[in-house]
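Undergrad: Mind looking over this structure? Questions follow.
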Amino acid sequence: MKGQADCPYFAKVELLADYLQKNLPDFRVHKIVQHPDDWKDWLQATCEKNRWSYTQSPIIWRELLDRGGKGLLLGGFNEFLEHAQEYYGLSSSMLSALMLKIAKENLKTKLELIEEDQKYLSLINPMHIWISSASNVTAYNLIPLLTSGELFGSETEVSLHLLDSEEKEDLLNGLQLEAMDLASPLLRSVTVHTNQSTAFTNADVIIMLDDIKEQENQYRKDCFRDIASQYKEYAYLIDHNAHRHVRVAVAGDTFVNLKTLVLIQNTPSIAQNSFVGVSTQLEGEARSQLAQKLNVATVGVKNVIVWGNITGSTYVDVKFAQVYRYNSAIWGPPYFSRPVLDMVYDRQWLEKEFVTAVNSHRQTVKAKVQHPLGLSAAAAIATVLHYWYQDSPSGEIISLGVISEGQFGIPEGIVFSMPVRFCRGSWEVITELEVGEDVKERFKVIATELVQEKDAALKDC
């Protein structure tokens with residue numbers, strides 16, 4: 001017999017069948033519980049296969065277990081009760097309330113079994129992680145973090161997919177070999193892809209590292225349109241090839257908000273909250289400047305918020321920032337903190353030198369190391385993925401580029417870096433923070449810039 005998990009009639013006949021099996025030595029019953037969403041398709045396919053005509057739950061049939069072959073349809077709830085009464089002189093007196101209770105318990109148990117099966121399948125099937133522009137130095141620094149077990153769980157195997165142009169194939173092949181040399185117990189495979197049409201197949205996680213820079217003598221609006229064109233192609237591939245639950249992190253040094261927005265607008269099958277712009281690198285740079293000023297480790301400065309256009313105009317907000325392990329007259333345990341604004345007495349430094357230092361920091365470091373910043377960029381992406389899958393620490397504020405729904409007076413429909421928390425595999429904007437009118441005026445200026453980028457990129461594109 002087989003029935004819907006939430007069917008009260010199935011609950012009644014299965015208990016009667018249990019009684020018959022227990023008391024009759026030659027009576028055997030095999031019970032199958034089906035999820036309600038899958039019942040109709042299964043029943044139709046089974047009836048077509050056996051040439052039965054039946055449309056209800058439960059369905060009951062007889063088979064000769066030692067011979068197999070086509071089963072003999074007995075019927076449903078009423079037919080089974082009649083069969084039990086006629087052949088065995090037994091009937092069920094179960095009350096409707098008990099039937100409903102058991103049906104509810106059956107559904108709950110079925111859902112728990114499905115969740116358990118999915119968990120074990122996730123251990124068998126690796127997580128597919130795609131990295132676009134994988135020749136980027138950030139990918140080189142990111143791969144050991146992705147395979148460490150810290151981001152997705154210590155039992156989750158990963159398959160890495162390195163995507164780039166044909167001109168980069170030799171470099172990708174070298175990166176593939178070096179990644180396999182890590183001998184990570186969680187790294188199932190590394191594959192190289194230069195065929196864009198198959199990009200993001202079965203992707204669970206996508207990391208976008210593409211940077212499209214303005215060419216010499218190119219109008220800015222033409223650069224925006226180039227971005228929109230390329231990312232519309234990416235969006236189409238993600239929408240058609242990736243899993244519905246895919247999570248996409250957009251990073252880089254140019255137009256992160258715009259690229260994230262184009263993906264969101266052109267992937268109708270995927271939820272908007274599956275796409276985020278990575279602003280934790282800029283947040284880390286701001287925390288580093290404050291930590292140097294306060295003579296503490298960077299990890300000791302928390303809750304710095306990056307608002308706005310991640311790779312354009314931003315407002316670094318230290319109103320809610322806290323400093324831990326600060327050497328002062330007042331000392332406490334590791335969880336004890338003080339407001340940064342109470343510890344930095346030089347307001348002129350905060351308003352001028354700090355802002356200048358944060359804005360120029362990345363270029364300053366690039367000039368010193370003579371190559372793009374891969375270490376801090378990789379760490380920033382890893383932080384976002386870690387929190388997305390493992391939740392952010394309680395009470396901590398994380399900066400993230402997300403689609404605006406009008407929070408804090410920010411116009412709807414643009415990607416704006418805001419304060420969020422990660423919880424249960426998702427994120428939410430921390431809307432309970434109080435933001436002054438002077439700060440909201442800053443938001444308006446930044447939003448105007450983002451709207452102009454959006455309009456220029458998507459006009460006639």
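Ligands are numbered from 1 in the order shown, chains are lettered A, B, ... in the order of the structure tokens, and residues start at 1 in each chain.
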Residues at most 8 Å from Phe224 of chain A, counting only C-alpha atoms, excluding those fewer than 4 positions away in the same chain, as a list in words?
TA: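 Residues near the query, excluding close chain neighbours: Arg220, Ala228, Glu453, Ala456 and Ala457 of chain A.
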Undergrad: Report as an MDAnalysis selection string all protein, DNA and RNA residues lying within 12 Å of Leu111 of chain A, evaluated on only C-alpha atoms, omitting residues in the same chain fewer than 5 positions from it.
TA: chainID A and resid 4:6 33:37 104:106 116:118
Undergrad: Restricting the calculation to only C-alpha atoms, which member of A:Val445, A:Ile430, A:Leu341, A:Val250 is positioned closest to Lys293 of chain A?
TA: A:Leu341
Undergrad: Between atom CA of Lys168 of chain A and atom CA of Arg225 of chain A, what distance in Å does the model show, to one decimal?
TA: 24.3 Å
Undergrad: Report the residues of segment 205-294 of chain A whose backbone DSSP state falls under strand (DSSP E), written as a ChimeraX atom specification.
TA: /A:205-208,247-250,275-278
Undergrad: Residues near Ala380 of chain A, anyone? I mean within 6 Å using only C-alpha atoms, not counting same-chain ones fewer than 3 positions away, as a JSON list (two decimals) with N, CA, C and O atoms, in the first residue's frame.
TA:
[["chain", "number", "residue", "atom", "x", "y", "z"],
["A", 280, "THR", "N", 33.12, 43.28, 2.13],
["A", 280, "THR", "CA", 33.91, 43.00, 3.34],
["A", 280, "THR", "C", 35.39, 43.32, 3.16],
["A", 280, "THR", "O", 36.10, 43.53, 4.15],
["A", 281, "GLN", "N", 35.89, 43.38, 1.91],
["A", 281, "GLN", "CA", 37.29, 43.78, 1.73],
["A", 281, "GLN", "C", 37.47, 45.25, 2.12],
["A", 281, "GLN", "O", 38.40, 45.59, 2.87],
["A", 377, "ALA", "N", 41.39, 40.19, -0.86],
["A", 377, "ALA", "CA", 40.18, 39.97, -1.64],
["A", 377, "ALA", "C", 39.64, 38.56, -1.41],
["A", 377, "ALA", "O", 38.44, 38.36, -1.24],
["A", 383, "THR", "N", 35.03, 35.14, 3.88],
["A", 383, "THR", "CA", 34.25, 35.55, 5.05],
["A", 383, "THR", "C", 32.76, 35.55, 4.73],
["A", 383, "THR", "O", 31.94, 35.05, 5.51]]
Undergrad: Would you mind listing what lies within 9 Å of segment 319-336 of chain A as a ChimeraX atom specification, with only C-alpha atoms counted and same-chain residues fewer than 2 positions away left out?
TA: /A:291,294-297,299-305,317,338-341,343,397,433
Undergrad: Compare A:Val355, A:Ile206, A:Ala447, A:Ile143 by their minimum atom-to-atom distance to Met180 of chain A, counting only C-alpha atoms, and give me the closest one.
TA: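 Smallest distance to Met180 of chain A is found for A:Ile143.
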Undergrad: Could you check the closest approach to Gly277 of chain A for each of A:Pro393, A:Pro372, A:Val384, A:Gln176 and tell me which residue wins, using only C-alpha atoms?
TA: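 So, comparing all the options, the nearest one is A:Val384.
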Undergrad: Between atom CA of Pro419 of chain A and atom CA of Leu290 of chain A, what is the distance in Å, rounded to a tenth?
TA: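 Atom CA of Leu290 of chain A lies at a distance of 18.4 Å from atom CA of Pro419 of chain A.
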Undergrad: Record the distance separating atom CA of Leu175 of chain A and atom CA of Glu283 of chain A, expressed in Å with one decimal.
TA: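 Distance reported for this atom pair: 29.0 Å.
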Undergrad: Compare A:Ile381, A:Ala271, A:Val192, A:Ile310 by their minimum atom-to-atom distance to Met208 of chain A, counting only C-alpha atoms, and give me the closest one.
TA: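 Ranked by minimum distance to Met208 of chain A, first place goes to A:Ile381.
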Undergrad: Would you kindly return, as a PyMOL selection string, each protein, DNA or RNA residue with an atom no farther than 10 Å from any atom of Leu90 of chain A, considering only C-alpha atoms and excluding same-chain residues fewer than 3 positions away?
TA: chain A and resi 16+19-20+81-87+93
Undergrad: Just write the chosen residues, all heavy atoms, as a CSV table (one decimal), in the first residue's frame.
TA:
chain,number,residue,atom,x,y,z
A,16,LEU,N,-4.6,-0.8,10.5
A,16,LEU,CA,-5.3,-2.1,10.3
A,16,LEU,C,-4.4,-3.1,9.7
A,16,LEU,O,-4.4,-4.3,10.1
A,16,LEU,CB,-6.6,-1.9,9.5
A,16,LEU,CG,-7.4,-3.1,9.2
A,16,LEU,CD1,-7.9,-3.8,10.5
A,16,LEU,CD2,-8.6,-2.7,8.4
A,19,TYR,N,-2.0,-4.6,12.2
A,19,TYR,CA,-2.7,-5.5,13.1
A,19,TYR,C,-2.8,-6.9,12.4
A,19,TYR,O,-2.5,-7.9,13.0
A,19,TYR,CB,-4.1,-5.0,13.5
A,19,TYR,CG,-4.8,-5.9,14.4
A,19,TYR,CD1,-4.6,-5.9,15.8
A,19,TYR,CD2,-5.8,-6.8,13.9
A,19,TYR,CE1,-5.3,-6.8,16.6
A,19,TYR,CE2,-6.4,-7.7,14.7
A,19,TYR,CZ,-6.2,-7.7,16.1
A,19,TYR,OH,-6.9,-8.5,16.9
A,20,LEU,N,-3.2,-6.9,11.1
A,20,LEU,CA,-3.3,-8.1,10.4
A,20,LEU,C,-2.0,-8.8,10.2
A,20,LEU,O,-1.9,-10.0,10.4
A,20,LEU,CB,-3.9,-7.8,9.0
A,20,LEU,CG,-5.3,-7.3,8.9
A,20,LEU,CD1,-5.7,-6.9,7.5
A,20,LEU,CD2,-6.3,-8.4,9.5
A,81,LEU,N,-11.0,-2.0,3.7
A,81,LEU,CA,-11.8,-2.3,4.9
A,81,LEU,C,-12.8,-3.4,4.6
A,81,LEU,O,-13.0,-4.3,5.4
A,81,LEU,CB,-12.6,-1.0,5.3
A,81,LEU,CG,-11.8,0.1,5.9
A,81,LEU,CD1,-12.7,1.2,6.4
A,81,LEU,CD2,-10.9,-0.3,7.0
A,82,GLU,N,-13.4,-3.4,3.4
A,82,GLU,CA,-14.3,-4.5,3.0
A,82,GLU,C,-13.5,-5.8,2.9
A,82,GLU,O,-14.0,-6.9,3.3
A,82,GLU,CB,-14.9,-4.2,1.6
A,82,GLU,CG,-15.9,-3.0,1.7
A,82,GLU,CD,-16.4,-2.6,0.3
A,82,GLU,OE1,-16.0,-3.2,-0.7
A,82,GLU,OE2,-17.2,-1.6,0.3
A,83,HIS,N,-12.3,-5.8,2.3
A,83,HIS,CA,-11.5,-7.0,2.2
A,83,HIS,C,-11.2,-7.5,3.6
A,83,HIS,O,-11.3,-8.8,3.8
A,83,HIS,CB,-10.2,-6.6,1.5
A,83,HIS,CG,-9.2,-7.7,1.3
A,83,HIS,ND1,-9.3,-8.7,0.3
A,83,HIS,CD2,-8.1,-8.0,2.0
A,83,HIS,CE1,-8.3,-9.6,0.4
A,83,HIS,NE2,-7.6,-9.2,1.5
A,84,ALA,N,-10.8,-6.7,4.5
A,84,ALA,CA,-10.4,-7.1,5.9
A,84,ALA,C,-11.6,-7.7,6.6
A,84,ALA,O,-11.6,-8.7,7.3
A,84,ALA,CB,-9.8,-6.0,6.7
A,85,GLN,N,-12.8,-7.1,6.4
A,85,GLN,CA,-14.0,-7.6,7.0
A,85,GLN,C,-14.5,-8.9,6.4
A,85,GLN,O,-14.8,-9.8,7.1
A,85,GLN,CB,-15.1,-6.5,6.8
A,85,GLN,CG,-16.5,-6.9,7.4
A,85,GLN,CD,-16.5,-7.0,8.9
A,85,GLN,OE1,-15.9,-6.1,9.6
A,85,GLN,NE2,-17.1,-8.0,9.5
A,86,GLU,N,-14.4,-9.0,5.1
A,86,GLU,CA,-14.9,-10.2,4.4
A,86,GLU,C,-14.0,-11.4,4.6
A,86,GLU,O,-14.5,-12.5,4.9
A,86,GLU,CB,-15.0,-9.9,2.9
A,86,GLU,CG,-15.6,-11.1,2.1
A,86,GLU,CD,-15.8,-10.8,0.7
A,86,GLU,OE1,-15.7,-9.6,0.3
A,86,GLU,OE2,-16.0,-11.7,-0.1
A,87,TYR,N,-12.7,-11.2,4.6
A,87,TYR,CA,-11.7,-12.4,4.6
A,87,TYR,C,-11.3,-12.7,6.1
A,87,TYR,O,-11.0,-13.8,6.4
A,87,TYR,CB,-10.5,-12.1,3.8
A,87,TYR,CG,-10.7,-12.3,2.3
A,87,TYR,CD1,-11.2,-11.3,1.5
A,87,TYR,CD2,-10.4,-13.5,1.7
A,87,TYR,CE1,-11.4,-11.5,0.1
A,87,TYR,CE2,-10.6,-13.8,0.3
A,87,TYR,CZ,-11.2,-12.7,-0.4
A,87,TYR,OH,-11.4,-12.9,-1.8
A,93,SER,N,-12.1,0.8,13.9
A,93,SER,CA,-13.0,1.8,14.6
A,93,SER,C,-12.3,3.1,15.0
A,93,SER,O,-12.7,3.8,15.9
A,93,SER,CB,-13.5,1.1,15.9
A,93,SER,OG,-12.5,0.7,16.7
